[in-house]
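Next comes data-v1.txt, with compact mmCIF, N, CA and C atoms.
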# COMPACT_ATOMS: atom_id res chain seq x y z
N MET L 254 -2.09 -43.38 -1.40
CA MET L 254 -2.81 -42.15 -1.17
C MET L 254 -2.13 -41.29 -0.12
N GLN L 255 -1.37 -41.88 0.73
CA GLN L 255 -0.69 -41.14 1.80
C GLN L 255 0.23 -40.05 1.24
N PRO L 256 1.06 -40.33 0.21
CA PRO L 256 1.94 -39.28 -0.31
C PRO L 256 1.17 -38.09 -0.87
N ASP L 257 0.01 -38.33 -1.50
CA ASP L 257 -0.79 -37.24 -2.04
C ASP L 257 -1.31 -36.34 -0.92
N ALA L 258 -1.75 -36.95 0.18
CA ALA L 258 -2.26 -36.17 1.31
C ALA L 258 -1.14 -35.35 1.92
N THR L 259 0.05 -35.93 2.02
CA THR L 259 1.20 -35.21 2.57
C THR L 259 1.58 -34.05 1.66
N LEU L 260 1.56 -34.27 0.35
CA LEU L 260 1.87 -33.20 -0.60
C LEU L 260 0.86 -32.06 -0.50
N ALA L 261 -0.41 -32.40 -0.37
CA ALA L 261 -1.45 -31.38 -0.24
C ALA L 261 -1.26 -30.58 1.05
N GLN L 262 -0.89 -31.27 2.13
CA GLN L 262 -0.64 -30.57 3.40
C GLN L 262 0.56 -29.64 3.29
N GLN L 263 1.60 -30.08 2.59
CA GLN L 263 2.78 -29.23 2.40
C GLN L 263 2.43 -28.00 1.57
N GLU L 264 1.65 -28.18 0.52
CA GLU L 264 1.25 -27.05 -0.32
C GLU L 264 0.39 -26.07 0.49
N ASP L 265 -0.53 -26.59 1.30
CA ASP L 265 -1.38 -25.74 2.13
C ASP L 265 -0.54 -24.98 3.15
N SER L 266 0.43 -25.66 3.73
CA SER L 266 1.32 -25.02 4.70
C SER L 266 2.13 -23.91 4.03
N GLN L 267 2.64 -24.17 2.83
CA GLN L 267 3.41 -23.17 2.09
C GLN L 267 2.54 -21.96 1.74
N THR L 268 1.30 -22.21 1.35
CA THR L 268 0.37 -21.12 1.04
C THR L 268 0.16 -20.25 2.27
N GLN L 269 -0.04 -20.87 3.43
CA GLN L 269 -0.24 -20.12 4.67
C GLN L 269 0.98 -19.30 5.04
N VAL L 270 2.17 -19.84 4.78
CA VAL L 270 3.39 -19.10 5.07
C VAL L 270 3.46 -17.85 4.20
N TRP L 271 3.17 -17.98 2.90
CA TRP L 271 3.22 -16.82 2.00
C TRP L 271 2.17 -15.80 2.38
N GLN L 272 0.98 -16.26 2.78
CA GLN L 272 -0.06 -15.33 3.21
C GLN L 272 0.37 -14.58 4.46
N ALA L 273 0.94 -15.28 5.42
CA ALA L 273 1.39 -14.63 6.65
C ALA L 273 2.49 -13.61 6.36
N ARG L 274 3.41 -13.96 5.47
CA ARG L 274 4.47 -13.01 5.09
C ARG L 274 3.89 -11.78 4.41
N GLY L 275 2.92 -11.99 3.54
CA GLY L 275 2.27 -10.86 2.87
C GLY L 275 1.57 -9.96 3.85
N PHE L 276 0.90 -10.56 4.84
CA PHE L 276 0.19 -9.77 5.84
C PHE L 276 1.17 -8.95 6.68
N ARG L 277 2.28 -9.58 7.08
CA ARG L 277 3.30 -8.84 7.85
C ARG L 277 3.87 -7.71 7.02
N ALA L 278 4.11 -7.97 5.74
CA ALA L 278 4.64 -6.92 4.85
C ALA L 278 3.64 -5.76 4.75
N LEU L 279 2.36 -6.06 4.66
CA LEU L 279 1.35 -5.01 4.61
C LEU L 279 1.37 -4.17 5.88
N ARG L 280 1.51 -4.84 7.01
CA ARG L 280 1.54 -4.12 8.28
C ARG L 280 2.75 -3.20 8.40
N ILE L 281 3.79 -3.46 7.63
CA ILE L 281 4.96 -2.57 7.60
C ILE L 281 4.82 -1.52 6.50
N LEU L 282 4.42 -1.95 5.32
CA LEU L 282 4.39 -1.06 4.15
C LEU L 282 3.33 0.04 4.24
N VAL L 283 2.16 -0.27 4.75
CA VAL L 283 1.09 0.73 4.77
C VAL L 283 1.47 1.92 5.68
N PRO L 284 1.97 1.70 6.89
CA PRO L 284 2.42 2.86 7.68
C PRO L 284 3.60 3.61 7.04
N LEU L 285 4.51 2.88 6.39
CA LEU L 285 5.60 3.56 5.68
C LEU L 285 5.05 4.43 4.56
N LEU L 286 4.06 3.93 3.86
CA LEU L 286 3.43 4.70 2.80
C LEU L 286 2.76 5.95 3.37
N ALA L 287 2.08 5.81 4.51
CA ALA L 287 1.44 6.97 5.15
C ALA L 287 2.49 8.01 5.53
N ALA L 288 3.64 7.55 6.05
CA ALA L 288 4.71 8.49 6.42
C ALA L 288 5.27 9.19 5.19
N ALA L 289 5.44 8.45 4.10
CA ALA L 289 5.96 9.05 2.87
C ALA L 289 4.98 10.09 2.32
N ILE L 290 3.68 9.79 2.41
CA ILE L 290 2.67 10.75 1.94
C ILE L 290 2.65 11.98 2.84
N LEU L 291 2.84 11.79 4.13
CA LEU L 291 2.92 12.93 5.04
C LEU L 291 4.11 13.82 4.68
N LEU L 292 5.24 13.21 4.36
CA LEU L 292 6.41 14.00 3.93
C LEU L 292 6.11 14.75 2.63
N GLN L 293 5.32 14.15 1.76
CA GLN L 293 4.89 14.83 0.54
C GLN L 293 4.07 16.08 0.88
N ALA L 294 3.18 15.94 1.84
CA ALA L 294 2.36 17.09 2.24
C ALA L 294 3.23 18.19 2.84
N ILE L 295 4.22 17.81 3.62
CA ILE L 295 5.12 18.79 4.23
C ILE L 295 5.92 19.52 3.15
N SER L 296 6.47 18.76 2.21
CA SER L 296 7.25 19.40 1.14
C SER L 296 6.35 20.26 0.26
N ALA L 297 5.11 19.85 0.04
CA ALA L 297 4.17 20.66 -0.74
C ALA L 297 3.87 21.97 -0.03
N GLY L 298 3.69 21.90 1.25
CA GLY L 298 3.46 23.11 2.02
C GLY L 298 4.63 24.07 1.93
N GLN L 299 5.83 23.52 1.95
CA GLN L 299 7.03 24.35 1.80
C GLN L 299 7.08 25.01 0.43
N ILE L 300 6.73 24.26 -0.60
CA ILE L 300 6.72 24.81 -1.96
C ILE L 300 5.69 25.94 -2.06
N LEU L 301 4.50 25.71 -1.50
CA LEU L 301 3.46 26.74 -1.55
C LEU L 301 3.84 27.97 -0.73
N SER L 302 4.75 27.79 0.24
CA SER L 302 5.23 28.92 1.04
C SER L 302 6.37 29.67 0.37
N GLY L 303 6.76 29.21 -0.80
CA GLY L 303 7.80 29.91 -1.56
C GLY L 303 9.16 29.24 -1.54
N ASN L 304 9.30 28.13 -0.85
CA ASN L 304 10.58 27.42 -0.79
C ASN L 304 10.68 26.49 -2.00
N THR L 305 11.10 27.03 -3.13
CA THR L 305 11.13 26.26 -4.38
C THR L 305 12.22 25.18 -4.37
N ALA L 306 13.14 25.26 -3.43
CA ALA L 306 14.17 24.22 -3.34
C ALA L 306 13.57 22.86 -2.97
N MET L 307 12.37 22.87 -2.43
CA MET L 307 11.72 21.62 -2.02
C MET L 307 11.10 20.86 -3.19
N ARG L 308 11.09 21.48 -4.38
CA ARG L 308 10.50 20.79 -5.55
C ARG L 308 11.21 19.47 -5.85
N ALA L 309 12.52 19.46 -5.74
CA ALA L 309 13.28 18.23 -6.03
C ALA L 309 12.91 17.14 -5.01
N LEU L 310 12.80 17.51 -3.74
CA LEU L 310 12.41 16.55 -2.71
C LEU L 310 10.99 16.04 -2.96
N HIS L 311 10.10 16.94 -3.35
CA HIS L 311 8.71 16.56 -3.62
C HIS L 311 8.64 15.59 -4.81
N SER L 312 9.44 15.84 -5.83
CA SER L 312 9.46 14.93 -7.00
C SER L 312 10.02 13.57 -6.63
N ALA L 313 11.11 13.56 -5.85
CA ALA L 313 11.69 12.28 -5.41
C ALA L 313 10.72 11.55 -4.49
N GLY L 314 10.02 12.30 -3.67
CA GLY L 314 9.04 11.70 -2.77
C GLY L 314 7.92 11.00 -3.52
N MET L 315 7.54 11.55 -4.66
CA MET L 315 6.50 10.90 -5.47
C MET L 315 6.97 9.52 -5.92
N LEU L 316 8.22 9.42 -6.30
CA LEU L 316 8.74 8.11 -6.71
C LEU L 316 8.74 7.12 -5.55
N LEU L 317 9.09 7.61 -4.36
CA LEU L 317 9.06 6.75 -3.17
C LEU L 317 7.64 6.29 -2.87
N VAL L 318 6.69 7.21 -2.94
CA VAL L 318 5.28 6.86 -2.69
C VAL L 318 4.81 5.82 -3.69
N LEU L 319 5.13 6.00 -4.95
CA LEU L 319 4.71 5.04 -5.98
C LEU L 319 5.36 3.68 -5.75
N LEU L 320 6.64 3.65 -5.43
CA LEU L 320 7.32 2.39 -5.16
C LEU L 320 6.69 1.66 -3.97
N LEU L 321 6.44 2.38 -2.89
CA LEU L 321 5.81 1.75 -1.72
C LEU L 321 4.42 1.24 -2.05
N ALA L 322 3.67 1.97 -2.86
CA ALA L 322 2.33 1.52 -3.25
C ALA L 322 2.39 0.25 -4.10
N ILE L 323 3.38 0.15 -4.97
CA ILE L 323 3.54 -1.06 -5.79
C ILE L 323 3.93 -2.24 -4.90
N LEU L 324 4.84 -2.02 -3.96
CA LEU L 324 5.22 -3.09 -3.03
C LEU L 324 4.02 -3.52 -2.19
N GLN L 325 3.18 -2.56 -1.81
CA GLN L 325 1.97 -2.88 -1.06
C GLN L 325 1.05 -3.76 -1.89
N LEU L 326 0.92 -3.47 -3.17
CA LEU L 326 0.09 -4.30 -4.04
C LEU L 326 0.63 -5.73 -4.11
N VAL L 327 1.94 -5.88 -4.23
CA VAL L 327 2.54 -7.22 -4.26
C VAL L 327 2.23 -7.97 -2.96
N ALA L 328 2.37 -7.29 -1.82
CA ALA L 328 2.07 -7.93 -0.54
C ALA L 328 0.59 -8.30 -0.45
N ALA L 329 -0.28 -7.43 -0.93
CA ALA L 329 -1.72 -7.72 -0.90
C ALA L 329 -2.04 -8.94 -1.77
N ILE L 330 -1.36 -9.06 -2.89
CA ILE L 330 -1.57 -10.23 -3.76
C ILE L 330 -1.09 -11.50 -3.05
N LEU L 331 0.01 -11.41 -2.30
CA LEU L 331 0.50 -12.57 -1.55
C LEU L 331 -0.52 -13.03 -0.51
N VAL L 332 -1.25 -12.11 0.06
CA VAL L 332 -2.29 -12.48 1.03
C VAL L 332 -3.50 -13.07 0.32
N TRP L 333 -3.87 -12.47 -0.80
CA TRP L 333 -5.11 -12.84 -1.48
C TRP L 333 -4.98 -14.08 -2.34
N ARG L 334 -4.02 -14.11 -3.22
CA ARG L 334 -3.98 -15.10 -4.29
C ARG L 334 -3.74 -16.53 -3.85
N PRO L 335 -2.72 -16.83 -3.06
CA PRO L 335 -2.42 -18.25 -2.82
C PRO L 335 -3.58 -19.04 -2.22
N GLY L 336 -4.23 -18.50 -1.22
CA GLY L 336 -5.27 -19.26 -0.55
C GLY L 336 -6.62 -18.62 -0.64
N ARG L 337 -6.77 -17.69 -1.59
CA ARG L 337 -8.03 -16.99 -1.78
C ARG L 337 -8.43 -16.23 -0.51
N GLY L 338 -7.45 -15.60 0.10
CA GLY L 338 -7.73 -14.75 1.26
C GLY L 338 -8.49 -13.52 0.81
N PRO L 339 -8.77 -12.59 1.74
CA PRO L 339 -9.54 -11.40 1.38
C PRO L 339 -8.86 -10.60 0.28
N GLY L 340 -9.62 -10.17 -0.71
CA GLY L 340 -9.06 -9.44 -1.84
C GLY L 340 -9.28 -7.94 -1.78
N ARG L 341 -9.91 -7.46 -0.69
CA ARG L 341 -10.19 -6.03 -0.59
C ARG L 341 -8.94 -5.18 -0.67
N MET L 342 -7.87 -5.63 -0.06
CA MET L 342 -6.64 -4.84 -0.05
C MET L 342 -6.03 -4.77 -1.44
N VAL L 343 -6.23 -5.79 -2.26
CA VAL L 343 -5.73 -5.76 -3.64
C VAL L 343 -6.45 -4.66 -4.41
N GLY L 344 -7.76 -4.64 -4.30
CA GLY L 344 -8.53 -3.61 -5.01
C GLY L 344 -8.19 -2.21 -4.55
N SER L 345 -8.08 -2.03 -3.24
CA SER L 345 -7.75 -0.68 -2.76
C SER L 345 -6.31 -0.30 -3.11
N SER L 346 -5.42 -1.27 -3.20
CA SER L 346 -4.03 -0.98 -3.59
C SER L 346 -3.95 -0.57 -5.05
N ILE L 347 -4.72 -1.23 -5.90
CA ILE L 347 -4.76 -0.84 -7.32
C ILE L 347 -5.33 0.56 -7.46
N GLY L 348 -6.43 0.83 -6.75
CA GLY L 348 -7.02 2.17 -6.78
C GLY L 348 -6.04 3.22 -6.29
N LEU L 349 -5.28 2.89 -5.28
CA LEU L 349 -4.28 3.81 -4.74
C LEU L 349 -3.19 4.11 -5.77
N ILE L 350 -2.72 3.10 -6.46
CA ILE L 350 -1.69 3.30 -7.49
C ILE L 350 -2.22 4.20 -8.60
N VAL L 351 -3.44 3.95 -9.03
CA VAL L 351 -4.05 4.80 -10.07
C VAL L 351 -4.14 6.24 -9.58
N ALA L 352 -4.59 6.43 -8.34
CA ALA L 352 -4.71 7.78 -7.79
C ALA L 352 -3.35 8.47 -7.69
N ILE L 353 -2.32 7.72 -7.33
CA ILE L 353 -0.98 8.29 -7.22
C ILE L 353 -0.47 8.72 -8.60
N ILE L 354 -0.73 7.92 -9.61
CA ILE L 354 -0.30 8.28 -10.97
C ILE L 354 -1.04 9.53 -11.45
N VAL L 355 -2.35 9.59 -11.20
CA VAL L 355 -3.12 10.78 -11.57
C VAL L 355 -2.60 11.98 -10.78
N GLN L 356 -2.32 11.77 -9.50
CA GLN L 356 -1.79 12.83 -8.64
C GLN L 356 -0.49 13.38 -9.19
N ALA L 357 0.40 12.49 -9.62
CA ALA L 357 1.69 12.92 -10.19
C ALA L 357 1.48 13.72 -11.48
N ALA L 358 0.56 13.26 -12.32
CA ALA L 358 0.29 13.98 -13.57
C ALA L 358 -0.29 15.36 -13.30
N LEU L 359 -1.20 15.45 -12.34
CA LEU L 359 -1.77 16.75 -11.98
C LEU L 359 -0.71 17.68 -11.41
N GLY L 360 0.18 17.13 -10.62
CA GLY L 360 1.26 17.94 -10.06
C GLY L 360 2.21 18.43 -11.13
N ALA L 361 2.55 17.55 -12.06
CA ALA L 361 3.45 17.94 -13.16
C ALA L 361 2.82 19.02 -14.04
N ALA L 362 1.49 18.98 -14.16
CA ALA L 362 0.77 19.97 -14.96
C ALA L 362 0.43 21.22 -14.15
N HIS L 363 0.82 21.24 -12.87
CA HIS L 363 0.56 22.38 -11.97
C HIS L 363 -0.92 22.69 -11.81
N VAL L 364 -1.74 21.63 -11.76
CA VAL L 364 -3.18 21.78 -11.54
C VAL L 364 -3.43 21.64 -10.04
N ARG L 365 -3.09 22.67 -9.29
CA ARG L 365 -3.16 22.61 -7.83
C ARG L 365 -4.58 22.41 -7.32
N GLY L 366 -5.56 22.93 -8.03
CA GLY L 366 -6.95 22.80 -7.60
C GLY L 366 -7.43 21.37 -7.49
N LEU L 367 -6.81 20.45 -8.22
CA LEU L 367 -7.13 19.02 -8.13
C LEU L 367 -6.01 18.24 -7.44
N HIS L 368 -4.78 18.69 -7.62
CA HIS L 368 -3.61 18.00 -7.07
C HIS L 368 -3.68 17.94 -5.54
N ILE L 369 -3.99 19.05 -4.91
CA ILE L 369 -3.99 19.10 -3.44
C ILE L 369 -5.15 18.29 -2.85
N PRO L 370 -6.39 18.47 -3.32
CA PRO L 370 -7.48 17.65 -2.75
C PRO L 370 -7.28 16.15 -2.98
N LEU L 371 -6.75 15.77 -4.14
CA LEU L 371 -6.50 14.35 -4.39
C LEU L 371 -5.45 13.82 -3.43
N GLY L 372 -4.45 14.63 -3.12
CA GLY L 372 -3.44 14.23 -2.14
C GLY L 372 -4.06 13.96 -0.77
N VAL L 373 -5.01 14.80 -0.39
CA VAL L 373 -5.70 14.62 0.89
C VAL L 373 -6.51 13.32 0.86
N LEU L 374 -7.18 13.05 -0.26
CA LEU L 374 -7.95 11.80 -0.38
C LEU L 374 -7.04 10.57 -0.33
N ILE L 375 -5.89 10.65 -0.97
CA ILE L 375 -4.94 9.53 -0.95
C ILE L 375 -4.48 9.29 0.49
N PHE L 376 -4.15 10.36 1.19
CA PHE L 376 -3.71 10.23 2.58
C PHE L 376 -4.80 9.58 3.43
N GLY L 377 -6.04 10.02 3.25
CA GLY L 377 -7.16 9.41 3.97
C GLY L 377 -7.36 7.95 3.61
N GLY L 378 -7.18 7.63 2.34
CA GLY L 378 -7.32 6.24 1.90
C GLY L 378 -6.29 5.33 2.52
N VAL L 379 -5.07 5.82 2.66
CA VAL L 379 -4.02 5.00 3.28
C VAL L 379 -4.33 4.79 4.76
N PHE L 380 -4.89 5.82 5.42
CA PHE L 380 -5.26 5.64 6.82
C PHE L 380 -6.42 4.66 6.95
N ALA L 381 -7.33 4.65 5.99
CA ALA L 381 -8.41 3.66 6.00
C ALA L 381 -7.83 2.24 5.84
N GLN L 382 -6.80 2.11 5.00
CA GLN L 382 -6.15 0.80 4.85
C GLN L 382 -5.49 0.37 6.16
N MET L 383 -4.85 1.33 6.85
CA MET L 383 -4.23 1.00 8.13
C MET L 383 -5.27 0.53 9.13
N ALA L 384 -6.41 1.19 9.17
CA ALA L 384 -7.48 0.79 10.08
C ALA L 384 -7.98 -0.60 9.73
N GLN L 385 -8.08 -0.89 8.44
CA GLN L 385 -8.52 -2.22 8.01
C GLN L 385 -7.53 -3.28 8.46
N LEU L 386 -6.24 -3.00 8.35
CA LEU L 386 -5.22 -3.96 8.77
C LEU L 386 -5.21 -4.14 10.28
N ARG L 387 -5.41 -3.07 11.01
CA ARG L 387 -5.39 -3.13 12.48
C ARG L 387 -6.58 -3.91 13.01
N SER L 388 -7.69 -3.91 12.27
CA SER L 388 -8.89 -4.59 12.73
C SER L 388 -8.83 -6.09 12.47
N ARG L 389 -7.84 -6.52 11.73
CA ARG L 389 -7.71 -7.96 11.41
C ARG L 389 -6.42 -8.48 12.00
N SER L 390 -6.49 -9.66 12.56
CA SER L 390 -5.27 -10.32 13.00
C SER L 390 -4.74 -11.12 11.82
N PRO L 391 -3.44 -11.48 11.84
CA PRO L 391 -2.93 -12.31 10.75
C PRO L 391 -3.72 -13.61 10.58
N GLY L 392 -4.20 -14.15 11.66
CA GLY L 392 -4.98 -15.38 11.58
C GLY L 392 -6.30 -15.18 10.85
N GLN L 393 -6.95 -14.04 11.06
CA GLN L 393 -8.20 -13.75 10.36
C GLN L 393 -7.96 -13.58 8.87
N ALA L 394 -6.85 -12.93 8.54
CA ALA L 394 -6.58 -12.65 7.13
C ALA L 394 -6.03 -13.85 6.38
N THR L 395 -5.32 -14.72 7.09
CA THR L 395 -4.59 -15.77 6.40
C THR L 395 -4.91 -17.18 6.85
N GLY L 396 -5.57 -17.32 7.99
CA GLY L 396 -5.80 -18.65 8.54
C GLY L 396 -4.61 -19.14 9.34
N VAL L 397 -3.59 -18.31 9.50
CA VAL L 397 -2.38 -18.68 10.25
C VAL L 397 -2.39 -17.91 11.55
N ARG L 398 -2.14 -18.58 12.64
CA ARG L 398 -2.06 -17.87 13.91
C ARG L 398 -0.72 -17.16 14.02
N PRO L 399 -0.70 -15.95 14.65
CA PRO L 399 0.55 -15.18 14.76
C PRO L 399 1.60 -15.92 15.56
In structure tokens, how does this file's structure come out?
Amino acid sequence: MQPDATLAQQEDSQTQVWQARGFRALRILVPLLAAAILLQAISAGQILSGNTAMRALHSAGMLLVLLLAILQLVAAILVWRPGRGPGRMVGSSIGLIVAIIVQAALGAAHVRGLHIPLGVLIFGGVFAQMAQLRSRSPGQATGVRP
């Protein structure tokens, strides 16, 4: 029975390592995502001011925002799935990806009346995620002490 107990301890330890890595990744990715969304708002403001050269930057920025949101979802799954940690960040990450895709479609269709307010909501949602991460220590989220 001793080898089985040792194997279970190793698996539990490995799960905690992956959860801690996922939590650290979230603490890096969410602020990066907020910065990328802020750059989107800046480039959008430039476009609305008549600087049409910023359209290419705004389009490329959308791809960066989507990539960071997908990476955030992967990190959230690493925290949640292995040891059944909190799943709230997974749900909010999925919602964020859906909102970003809708945002991109509205922008491509030039529906500014919905595109701009949705962008503001996305930005606020990312800040809510940052607040959620700041209120939890890695140990609370994963069972691993920092």
Could you tell me which of L:Met383, L:Val373, L:Ala288, L:Leu359 comes closest to Leu321 in chain L if we count only C-alpha atoms?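 Ranking L:Met383, L:Val373, L:Ala288, L:Leu359 by distance to Leu321 in chain L, first place goes to L:Ala288.
Closest to Ile375 in chain L among L:Ala358, L:Ala294, L:Ile323, L:Ala352 is L:Ala352, based on all atoms listed in the file.
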If we count all atoms listed in the file and set the cut-off at 8 Å, which residues sit around range 342-345 of chain L, ignoring sequence neighbours fewer than 3 positions away in its own chain? Please answer as a list in words.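 Neighbouring residues, sequence-local ones excluded: Gln325, Leu326, Val327, Ala328, Ala329, Ile330, Trp333, Gly338, Pro339, Gly348, Leu349, Ile350, Val351, Gly378 and Gln382 of chain L.
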Please list as a VMD selection string every residue within 6.5 Å of Ile290 in chain L, counting all atoms listed in the file and excluding residues in the same chain fewer than 5 positions away. chain L and resid 285 295 318 376
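Note that the spacing between CA of Leu286 in chain L and atom N of Gln269 in chain L amounts to 25.8 Å.
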How far is it from CA of Gly366 in chain L to CA of Pro284 in chain L, in Å with one decimal?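 Separation between CA of Gly366 in chain L and CA of Pro284 in chain L: 26.8 Å.
Closest to Leu324 in chain L among L:Val270, L:Gln385, L:Gly372, L:Leu279 is L:Leu279, based on only N, CA and C atoms.
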